[in-house]
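Here is the structure we will look at.
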There are 2 protein chains.
Amino acid sequence: MQISELSRRSGVAVATVKYYLREGLLPEGARVSATRSEYDDAHLRRLALIRALIGVGGLGVAGAKAVLDEIDDPPESLHEMIGSAYTRLPGAVPGAGAAPEGAADRASLLLRDLGWDAAERECADEVAGLARAIGAIDAAGLELSREDLAAYGRAMGVVAQREVQRTPSESVPAAVRYVVLGTVLVEPLLLVLRRLAHVETSQRLLDAPPP
Amino acid sequence: MQISELSRRSGVAVATVKYYLREGLLPEGARVSATRSEYDDAHLRRLALIRALIGVGGLGVAGAKAVLDEIDDPPESLHEMIGSAYTRLPGAVPGAGAAPEGAADRASLLLRDLGWDAAERECADEVAGLARAIGAIDAAGLELSREDLAAYGRAMGVVAQREVQRTPSESVPAAVRYVVLGTVLVEPLLLVLRRLAHVETSQRLLDAPPP
């Protein structure tokens, strides 16, 4: 199909499609003349993926490109993938800089309470993010105990275990795609589900007959 | 203390403190002369909160102001709070617009599978976000089954139940502060814990002795 049909079928304006082509997010079509290229269903799927990453995924163009590069050119082994899957993504915790010392200690203690030695060893950036998140919680006067933090960790451990079990095993590229997309696109899903669960649980308490 | 000491102790530049004052995020100090105001520990705590919301919370100044307004001027009753707690926050799912019809149907089905009738009724915006999130996941070719979605919902239900149980009950303002801050500042904590759990679980599988 030509670019106009690609635009119509994907819902993406021609100018935006051309922008994605220039930025290298979308592969070029097959050239049929000096001014025309042919696109196919793979381009349609790719556009849908780009829009998902930039829309719900909340990534900018550079972030989307980093994710697509990881999927297009995946590491060679599962071992390399585990370490690198997140390095091209924006960190889970916005902001930068060192966390207050107390927060870094609480982060280490939490990882030890959970027994997550490998994670502590392999993911310096995300561990630093954990410390910053704890630091912000403390700074805001939101009091979360050691047990509160561990409970959050265990809940995320349950989520992660199911996800790791369901990771495709037929090839490293398939696994990388699942992990990377599963990270970027499932994060907003989890957060909205938590908010909806809050409202549901609170409403039930309010509606419950008095004891 | 004067503004220079407030700046030094909080780590926030004087120009930024003045900006927060102008924008109404930080209440004014007590005027002691035409050009000087006195600030106290409440201002220090407020600055720490602002930095947490803007930093780890990932909010812009307008978003931080909306959160602070909710805390400073909370709804009168718990019932009002449940509905409104999220309306001033940015939605959990970035992006806008209607989700594809199939995605809206999957979102409704999910809420029915979970039995979350109150949430479906009370939170139109977040339900729309849920549909958008599912739409993006589908568009990206990440295949999540009905059971996968329900498993995510149940996991977030466990998190939310514990949080609702631990909501302060001494006053509505205390509850609102807990809910609002618990939403903005715990979201990044959950996401980084999930990533760390992924690495931990994957690494253990890789390291496990062959069967």
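Convention: chains lettered A, B, ... in structure tokens order; per-chain residue numbering from 1; ligands numbered from 1 as shown.
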
query = Excluding same-chain residues fewer than 4 positions from Asp69 in chain B, what lies within 10 Å of it counting only C-alpha atoms, as a PyMOL selection string?
reply = chain B and resi 24-25+63-65+73-74+88

May I have the selected residues written with N, CA, C and O atoms, as a JSON list (two decimals), in the first residue's frame?
[["chain", "number", "residue", "atom", "x", "y", "z"],
["B", 24, "GLY", "N", 1.83, 29.50, 44.51],
["B", 24, "GLY", "CA", 0.87, 29.07, 45.53],
["B", 24, "GLY", "C", 1.07, 27.66, 46.03],
["B", 24, "GLY", "O", 0.20, 27.12, 46.73],
["B", 25, "LEU", "N", 2.21, 27.04, 45.71],
["B", 25, "LEU", "CA", 2.47, 25.70, 46.24],
["B", 25, "LEU", "C", 2.92, 25.78, 47.68],
["B", 25, "LEU", "O", 2.62, 24.92, 48.51],
["B", 63, "GLY", "N", 0.34, 19.85, 38.42],
["B", 63, "GLY", "CA", -0.09, 18.60, 39.05],
["B", 63, "GLY", "C", 0.18, 18.61, 40.53],
["B", 63, "GLY", "O", -0.66, 18.18, 41.33],
["B", 64, "ALA", "N", 1.36, 19.13, 40.92],
["B", 64, "ALA", "CA", 1.69, 19.21, 42.34],
["B", 64, "ALA", "C", 0.70, 20.12, 43.06],
["B", 64, "ALA", "O", 0.25, 19.83, 44.17],
["B", 65, "LYS", "N", 0.36, 21.23, 42.41],
["B", 65, "LYS", "CA", -0.59, 22.17, 43.02],
["B", 65, "LYS", "C", -1.95, 21.50, 43.21],
["B", 65, "LYS", "O", -2.59, 21.66, 44.25],
["B", 73, "ASP", "N", -7.41, 21.28, 51.22],
["B", 73, "ASP", "CA", -8.84, 21.58, 51.24],
["B", 73, "ASP", "C", -9.60, 20.30, 50.93],
["B", 73, "ASP", "O", -10.21, 20.16, 49.87],
["B", 74, "PRO", "N", -9.53, 19.35, 51.83],
["B", 74, "PRO", "CA", -10.06, 18.02, 51.51],
["B", 74, "PRO", "C", -11.58, 18.01, 51.48],
["B", 74, "PRO", "O", -12.22, 18.89, 52.06],
["B", 88, "ARG", "N", -8.10, 14.99, 40.71],
["B", 88, "ARG", "CA", -7.13, 16.08, 40.51],
["B", 88, "ARG", "C", -5.76, 15.54, 40.08],
["B", 88, "ARG", "O", -4.89, 16.32, 39.72]]

Which residues of chain A sit at most 7 Å from chain B, using only C-alpha atoms? Give each one's shortest atom pair and distance in Å (one decimal place), in chain and ascending residue order, as CSV.
residue,atom,partner,partner_atom,distance
A:Ala48,CA,B:Ala139,CA,5.4
A:Leu49,CA,B:Ala140,CA,4.2
A:Ala52,CA,B:Ala136,CA,4.7
A:Gly55,CA,B:Gly95,CA,4.9
A:Val56,CA,B:Pro94,CA,4.9
A:Gly58,CA,B:Pro94,CA,5.7
A:Ile82,CA,B:Val199,CA,6.1
A:Ala92,CA,B:Val192,CA,5.2
A:Val93,CA,B:Pro188,CA,5.1
A:Pro94,CA,B:Val56,CA,4.9
A:Gly95,CA,B:Gly55,CA,4.9
A:Trp116,CA,B:Glu200,CA,5.8
A:Ala118,CA,B:Glu200,CA,5.4
A:Ala119,CA,B:Glu200,CA,4.9
A:Glu126,CA,B:Val192,CA,6.4
A:Leu130,CA,B:Val192,CA,6.2
A:Ala133,CA,B:Leu189,CA,5.6
A:Ala136,CA,B:Ala52,CA,4.8
A:Ile137,CA,B:Leu185,CA,6.1
A:Ala139,CA,B:Ala48,CA,5.4
A:Ala140,CA,B:Leu49,CA,4.3
A:Leu142,CA,B:Tyr178,CA,6.8
A:Tyr152,CA,B:Leu190,CA,6.7
A:Gly153,CA,B:Leu193,CA,5.9
A:Ala155,CA,B:Ala155,CA,6.7
A:Met156,CA,B:Arg194,CA,4.9
A:Gly157,CA,B:Ala197,CA,5.2
A:Val159,CA,B:Ala155,CA,6.8
A:Ala160,CA,B:His198,CA,5.2
A:Gln161,CA,B:Thr201,CA,6.3
A:Val164,CA,B:Ser202,CA,6.5
A:Tyr178,CA,B:Leu142,CA,6.8
A:Leu181,CA,B:Leu142,CA,7.0
A:Leu185,CA,B:Ile137,CA,6.1
A:Glu187,CA,B:Leu191,CA,6.7
A:Pro188,CA,B:Val93,CA,5.1
A:Leu189,CA,B:Ala133,CA,5.6
A:Leu190,CA,B:Tyr152,CA,6.7
A:Leu191,CA,B:Ala92,CA,5.8
A:Val192,CA,B:Ala92,CA,5.2
A:Leu193,CA,B:Gly153,CA,5.9
A:Arg194,CA,B:Met156,CA,4.9
A:Leu196,CA,B:Ala119,CA,5.4
A:Ala197,CA,B:Gly157,CA,5.3
A:His198,CA,B:Ala160,CA,5.2
A:Val199,CA,B:Ala119,CA,5.6
A:Glu200,CA,B:Ala119,CA,4.9
A:Thr201,CA,B:Gln161,CA,6.4
A:Ser202,CA,B:Val164,CA,6.5
A:Gln203,CA,B:Ala118,CA,6.6

ask   = Quick one: residues within 9 Å of Ser4 in chain B, only C-alpha atoms counted, chain neighbours fewer than 4 positions away excluded, as a list in words?
value =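 After dropping sequence-adjacent residues, the list is Arg8, Arg9, Ala13 and Val14 of chain B.
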
Point-to-point distance in Å for CA of His43 in chain B and CA of Thr16 in chain B =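 About the pair CA of Thr16 in chain B and CA of His43 in chain B: they are 13.6 Å apart.
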
query = Any idea what the distance is between CA of Glu147 in chain A and CA of Leu110 in chain A?
reply =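 Computing it gives 8.9 Å between the two atoms.
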
task = Taking the DSSP assignment computed from this structure's backbone, write out as a VMD selection string all residues of chain A that belong to helix (DSSP H, G or I).
result = chain A and resid 3 to 10 14 to 23 41 to 54 61 to 72 78 to 84 101 to 114 117 to 122 124 to 139 146 to 165 172 to 207

inquiry  = Residues near Val17 in chain A, anyone? I mean within 9 Å using only C-alpha atoms, not counting same-chain ones fewer than 4 positions away, as JSON, numbers by chain.
reply    = {"A": [3, 6, 7, 12, 13, 21, 22, 26, 47]}

Distance criterion (only C-alpha atoms): nearest to Pro90 in chain A out of A:Leu44, A:Ala104, A:Ala66, A:Ala175 =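 Using only C-alpha atoms, Pro90 in chain A sits closest to A:Ala66.
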